[in-house]
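Chemist: A single structure is presented below for examination.
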Amino acid sequence: MRMRPLLTALATATAATAALALAAPAAPAAPSVQDDTKSTTSTNGVFADPNVAPGGNFDLAVWQLQEPVGSPGSPTTISSDRLQGKNGFQDQYFYTDTRDGAMTFWAPEKGVTTPNSNYARSELREMKRGGGAADWSLSGSHKLSATLRVVSVTKNVAVGQIHLGSGGSSTKPLVELYYRSNGDIVVGTENSPDGGQTLHPVGNVPVGKTWTYTIAVSGGDTLDITVNGSTTHYDIPSSFFKYKQYFKAGSYNQSSSDSTTKGAKVGFYGLTVSHS
């Protein structure tokens, strides 16, 4: 597997722009959001309204939500129709933070999981606009971009994925982006549809601080991972070429216990998907 580092500049906001930002969270356990406009704007580029549901600030027409509740092996899912709009769905696992407008995902260590995972999640699954599950081929260009902060995490949380769709029997992800409790950001690239993951450190951001990522596919055979402006590239093994894919984003907790109070909480200030 080849890696071609490519550093790009990370833009910083001016003091004048920062002055327009919404008030940062005041909770002592969560350091304040960094002074940049991305931290206080939603996916449509306007200031997030802390008094509406996530669907009032974010374009959720291309997402379906999975929550850590339901029946064993069958977590509850919330359709995109229910997520959309200022009065859209929200609850204790998915909600707007009233302090700063962040679309917030909470996944405790104890919760309902999918049949192929031991970990609970509060996570968005990409859908087609107008209905149906997203299921795109590796050819072309595909990009998931986010501005976020991990509010709390016990050990490790996946905040973004490309997951295998149709084309075979594997239920593995192509790539997962992890955030660890020490602030390390790590990319996990799957070795084959049969399993096995290679980990690549790509950054470090303290808990509670805002950062950005992009998970992208280009040329049909390359993963482009950008964290805070620094990009690395990874070859996609040919064994994945027959599979179609879809994006996921949110809080996919990577630890489990009997605790419903420990877990991973992640706030998003921007989230966009593009295909070309």
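Residue names in the structure tokens use chain letters A, B, ... in the order shown, residue numbers from 1 in each chain, and ligand numbers from 1 in the order shown.
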Which residues, written as a list in words, have at least one atom at most 6 Å from range 119-128 of chain A, with only C-alpha atoms counted and residues fewer than 2 positions away on the same chain left out?
Modeler: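 Listing them by chain and then by number gives Val62, Trp63, Gln64, Leu65, Gln66, Glu67, Pro68, Phe105, Trp106, Ala107, Gly111, Val112, Thr113, Ser117, Gly130, Gly131, Gly132, Ala133, Ala134, Tyr246, Phe247, Lys248, Ala249, Gly250, Ser251, Tyr252, Asn253, Gln254 and Ser256 of chain A.
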Chemist: Next, dump the selected residues to file, keeping only N, CA, C and O atoms, as an mmCIF file, in the first residue's frame.
Modeler:
data_model
loop_
_atom_site.group_PDB
_atom_site.id
_atom_site.type_symbol
_atom_site.label_atom_id
_atom_site.label_comp_id
_atom_site.auth_asym_id
_atom_site.auth_seq_id
_atom_site.Cartn_x
_atom_site.Cartn_y
_atom_site.Cartn_z
ATOM 1 N N VAL A 62 -30.317 13.516 2.530
ATOM 2 C CA VAL A 62 -29.493 12.431 1.990
ATOM 3 C C VAL A 62 -28.942 11.551 3.110
ATOM 4 O O VAL A 62 -27.916 10.890 2.944
ATOM 5 N N TRP A 63 -29.662 11.533 4.236
ATOM 6 C CA TRP A 63 -29.193 10.728 5.365
ATOM 7 C C TRP A 63 -30.349 9.991 6.037
ATOM 8 O O TRP A 63 -31.480 10.479 6.062
ATOM 9 N N GLN A 64 -30.028 8.861 6.618
ATOM 10 C CA GLN A 64 -30.904 8.108 7.514
ATOM 11 C C GLN A 64 -30.149 7.902 8.819
ATOM 12 O O GLN A 64 -28.945 7.706 8.806
ATOM 13 N N LEU A 65 -30.837 7.976 9.937
ATOM 14 C CA LEU A 65 -30.190 7.879 11.242
ATOM 15 C C LEU A 65 -30.370 6.493 11.855
ATOM 16 O O LEU A 65 -31.471 5.936 11.825
ATOM 17 N N GLN A 66 -29.291 5.957 12.413
ATOM 18 C CA GLN A 66 -29.374 4.731 13.201
ATOM 19 C C GLN A 66 -29.045 5.066 14.646
ATOM 20 O O GLN A 66 -28.071 5.768 14.919
ATOM 21 N N GLU A 67 -29.861 4.568 15.581
ATOM 22 C CA GLU A 67 -29.688 4.897 16.992
ATOM 23 C C GLU A 67 -29.376 3.638 17.815
ATOM 24 O O GLU A 67 -29.658 2.516 17.387
ATOM 25 N N PRO A 68 -28.830 3.829 19.023
ATOM 26 C CA PRO A 68 -28.438 2.688 19.860
ATOM 27 C C PRO A 68 -29.584 2.128 20.695
ATOM 28 O O PRO A 68 -29.395 1.693 21.837
ATOM 29 N N PHE A 105 -24.334 13.789 18.342
ATOM 30 C CA PHE A 105 -24.582 12.349 18.354
ATOM 31 C C PHE A 105 -24.038 11.770 19.655
ATOM 32 O O PHE A 105 -22.864 11.969 19.993
ATOM 33 N N TRP A 106 -24.878 11.025 20.374
ATOM 34 C CA TRP A 106 -24.471 10.394 21.630
ATOM 35 C C TRP A 106 -24.641 8.885 21.516
ATOM 36 O O TRP A 106 -25.731 8.387 21.210
ATOM 37 N N ALA A 107 -23.553 8.139 21.746
ATOM 38 C CA ALA A 107 -23.580 6.678 21.691
ATOM 39 C C ALA A 107 -22.991 6.127 22.981
ATOM 40 O O ALA A 107 -21.776 6.181 23.190
ATOM 41 N N GLY A 111 -25.741 -0.345 24.474
ATOM 42 C CA GLY A 111 -26.821 0.005 23.573
ATOM 43 C C GLY A 111 -27.052 -1.095 22.563
ATOM 44 O O GLY A 111 -26.274 -2.045 22.457
ATOM 45 N N VAL A 112 -28.141 -0.969 21.825
ATOM 46 C CA VAL A 112 -28.474 -1.947 20.789
ATOM 47 C C VAL A 112 -27.480 -1.811 19.638
ATOM 48 O O VAL A 112 -27.141 -0.697 19.210
ATOM 49 N N THR A 113 -26.997 -2.949 19.139
ATOM 50 C CA THR A 113 -26.020 -2.962 18.054
ATOM 51 C C THR A 113 -26.572 -3.707 16.847
ATOM 52 O O THR A 113 -27.568 -4.427 16.934
ATOM 53 N N SER A 117 -21.753 -6.154 14.748
ATOM 54 C CA SER A 117 -20.931 -5.261 15.567
ATOM 55 C C SER A 117 -21.260 -5.460 17.041
ATOM 56 O O SER A 117 -22.390 -5.806 17.408
ATOM 57 N N GLY A 130 -34.334 11.861 -2.435
ATOM 58 C CA GLY A 130 -35.593 11.427 -2.997
ATOM 59 C C GLY A 130 -35.982 10.012 -2.616
ATOM 60 O O GLY A 130 -37.086 9.567 -2.916
ATOM 61 N N GLY A 131 -35.052 9.295 -1.928
ATOM 62 C CA GLY A 131 -35.405 7.972 -1.442
ATOM 63 C C GLY A 131 -34.460 6.882 -1.910
ATOM 64 O O GLY A 131 -33.851 6.973 -2.974
ATOM 65 N N GLY A 132 -34.337 5.852 -1.109
ATOM 66 C CA GLY A 132 -33.487 4.724 -1.442
ATOM 67 C C GLY A 132 -32.089 4.862 -0.860
ATOM 68 O O GLY A 132 -31.591 5.969 -0.616
ATOM 69 N N ALA A 133 -31.452 3.726 -0.617
ATOM 70 C CA ALA A 133 -30.120 3.709 -0.025
ATOM 71 C C ALA A 133 -29.056 4.101 -1.055
ATOM 72 O O ALA A 133 -29.085 3.628 -2.196
ATOM 73 N N ALA A 134 -28.131 4.977 -0.667
ATOM 74 C CA ALA A 134 -26.995 5.300 -1.533
ATOM 75 C C ALA A 134 -26.172 4.048 -1.766
ATOM 76 O O ALA A 134 -25.975 3.233 -0.859
ATOM 77 N N TYR A 246 -21.097 3.492 0.356
ATOM 78 C CA TYR A 246 -21.878 4.608 0.874
ATOM 79 C C TYR A 246 -21.143 5.211 2.073
ATOM 80 O O TYR A 246 -20.332 4.558 2.714
ATOM 81 N N PHE A 247 -21.434 6.484 2.358
ATOM 82 C CA PHE A 247 -20.806 7.192 3.474
ATOM 83 C C PHE A 247 -21.604 7.010 4.760
ATOM 84 O O PHE A 247 -22.824 6.817 4.745
ATOM 85 N N LYS A 248 -20.893 7.120 5.901
ATOM 86 C CA LYS A 248 -21.513 7.173 7.217
ATOM 87 C C LYS A 248 -20.791 8.237 8.041
ATOM 88 O O LYS A 248 -19.594 8.475 7.853
ATOM 89 N N ALA A 249 -21.513 8.879 8.957
ATOM 90 C CA ALA A 249 -20.906 9.905 9.814
ATOM 91 C C ALA A 249 -21.686 10.017 11.109
ATOM 92 O O ALA A 249 -22.911 9.860 11.126
ATOM 93 N N GLY A 250 -20.982 10.286 12.199
ATOM 94 C CA GLY A 250 -21.634 10.450 13.491
ATOM 95 C C GLY A 250 -20.753 9.958 14.611
ATOM 96 O O GLY A 250 -19.544 10.213 14.621
ATOM 97 N N SER A 251 -21.360 9.233 15.561
ATOM 98 C CA SER A 251 -20.634 8.678 16.704
ATOM 99 C C SER A 251 -20.848 7.170 16.724
ATOM 100 O O SER A 251 -21.887 6.685 17.182
ATOM 101 N N TYR A 252 -19.856 6.444 16.203
ATOM 102 C CA TYR A 252 -19.871 4.979 16.239
ATOM 103 C C TYR A 252 -18.866 4.569 17.307
ATOM 104 O O TYR A 252 -17.677 4.452 17.052
ATOM 105 N N ASN A 253 -19.372 4.409 18.532
ATOM 106 C CA ASN A 253 -18.517 4.138 19.689
ATOM 107 C C ASN A 253 -17.753 2.827 19.482
ATOM 108 O O ASN A 253 -18.313 1.841 19.007
ATOM 109 N N GLN A 254 -16.476 2.822 19.870
ATOM 110 C CA GLN A 254 -15.631 1.640 19.663
ATOM 111 C C GLN A 254 -15.271 0.957 20.978
ATOM 112 O O GLN A 254 -14.246 0.274 21.070
ATOM 113 N N SER A 256 -17.350 -1.005 24.602
ATOM 114 C CA SER A 256 -18.631 -1.433 25.157
ATOM 115 C C SER A 256 -18.468 -1.835 26.615
ATOM 116 O O SER A 256 -17.390 -2.262 27.051
#
Chemist: So that I can check the secondary structure, give me every residue of range 18-193 of chain A assigned strand (DSSP E or B) by backbone DSSP, as a PyMOL selection string.
Modeler: chain A and resi 41+47+63-71+74-78+94-96+103-108+121-127+133+136+142-152+156-164+173-180+184-190
Chemist: Find the residues near Lys143 in chain A: any atom within 6 Å, counting only C-alpha atoms, skip ones fewer than 6 places away on the same chain, and give them as a JSON list (two decimals) with N, CA, C and O atoms, in the first residue's frame.
Modeler:
[["chain", "number", "residue", "atom", "x", "y", "z"],
["A", 215, "ILE", "N", -13.12, 12.63, 3.70],
["A", 215, "ILE", "CA", -12.89, 11.25, 3.27],
["A", 215, "ILE", "C", -13.37, 11.19, 1.82],
["A", 215, "ILE", "O", -14.54, 11.44, 1.54],
["A", 216, "ALA", "N", -12.45, 10.87, 0.90],
["A", 216, "ALA", "CA", -12.79, 10.94, -0.52],
["A", 216, "ALA", "C", -12.23, 9.76, -1.28],
["A", 216, "ALA", "O", -11.26, 9.12, -0.87],
["A", 273, "VAL", "N", -21.85, 16.06, 1.49],
["A", 273, "VAL", "CA", -21.50, 14.95, 0.61],
["A", 273, "VAL", "C", -21.56, 15.43, -0.83],
["A", 273, "VAL", "O", -22.47, 16.20, -1.18],
["A", 274, "SER", "N", -20.61, 15.00, -1.65],
["A", 274, "SER", "CA", -20.66, 15.35, -3.08],
["A", 274, "SER", "C", -20.21, 14.16, -3.92],
["A", 274, "SER", "O", -19.37, 13.36, -3.48]]
Chemist: With only C-alpha atoms as the basis for distance, which of A:Thr104, A:Thr76, A:Gln92, A:Thr212 is at the shortest distance from Pro54 in chain A?
Modeler: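 That would be A:Thr104, the residue with the smallest distance to Pro54 in chain A.
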Chemist: Give me the residues within 7 Å of Thr272 in chain A as a PyMOL selection string, counting only C-alpha atoms and dropping any in the same chain fewer than 2 places off.
Modeler: chain A and resi 43+144-146+270+274
Chemist: Can you spit out the residues from that selection as a PDB file, in the first residue's frame, using N, CA and C atoms?
Modeler:
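Output file result-v3.pdb follows:
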ATOM      1  N   THR A  43     -24.254  23.034   7.512  1.00  0.00           N
ATOM      2  CA  THR A  43     -23.830  22.541   6.209  1.00  0.00           C
ATOM      3  C   THR A  43     -24.245  23.451   5.057  1.00  0.00           C
ATOM      4  N   LEU A 144     -16.871  13.123   1.375  1.00  0.00           N
ATOM      5  CA  LEU A 144     -17.567  13.427   2.620  1.00  0.00           C
ATOM      6  C   LEU A 144     -16.710  14.416   3.397  1.00  0.00           C
ATOM      7  N   SER A 145     -17.262  15.585   3.703  1.00  0.00           N
ATOM      8  CA  SER A 145     -16.511  16.624   4.410  1.00  0.00           C
ATOM      9  C   SER A 145     -17.234  17.003   5.693  1.00  0.00           C
ATOM     10  N   ALA A 146     -16.461  17.227   6.766  1.00  0.00           N
ATOM     11  CA  ALA A 146     -17.071  17.535   8.059  1.00  0.00           C
ATOM     12  C   ALA A 146     -16.217  18.496   8.865  1.00  0.00           C
ATOM     13  N   GLY A 270     -20.474  21.170  10.474  1.00  0.00           N
ATOM     14  CA  GLY A 270     -20.621  21.132   9.029  1.00  0.00           C
ATOM     15  C   GLY A 270     -20.576  19.685   8.566  1.00  0.00           C
ATOM     16  N   SER A 274     -20.607  15.004  -1.653  1.00  0.00           N
ATOM     17  CA  SER A 274     -20.664  15.345  -3.081  1.00  0.00           C
ATOM     18  C   SER A 274     -20.206  14.164  -3.916  1.00  0.00           C
TER      19      SER A 274
END
Chemist: If DSSP is run on the backbone, what residues of range 75-247 of chain A are helix (DSSP H, G or I)? A reply as a list in words would be ideal.
Modeler: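 Filtering range 75-247 of chain A to helix (DSSP H, G or I) leaves Ser80, Asp81, Arg82, Leu83, Ser238, Ser239 and Phe240 of chain A.
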Chemist: Could you dump the residues just selected with C-alpha atoms as a PDB file, in the first residue's frame?
Modeler:
ATOM      1  CA  SER A  80     -34.659  11.143   6.113  1.00  0.00           C
ATOM      2  CA  ASP A  81     -38.250  12.403   5.855  1.00  0.00           C
ATOM      3  CA  ARG A  82     -38.499  12.452   9.647  1.00  0.00           C
ATOM      4  CA  LEU A  83     -35.102  14.105  10.072  1.00  0.00           C
ATOM      5  CA  SER A 238      -8.630  -4.486  -6.228  1.00  0.00           C
ATOM      6  CA  SER A 239     -10.726  -6.933  -4.178  1.00  0.00           C
ATOM      7  CA  PHE A 240     -13.019  -3.992  -3.350  1.00  0.00           C
TER       8      PHE A 240
END
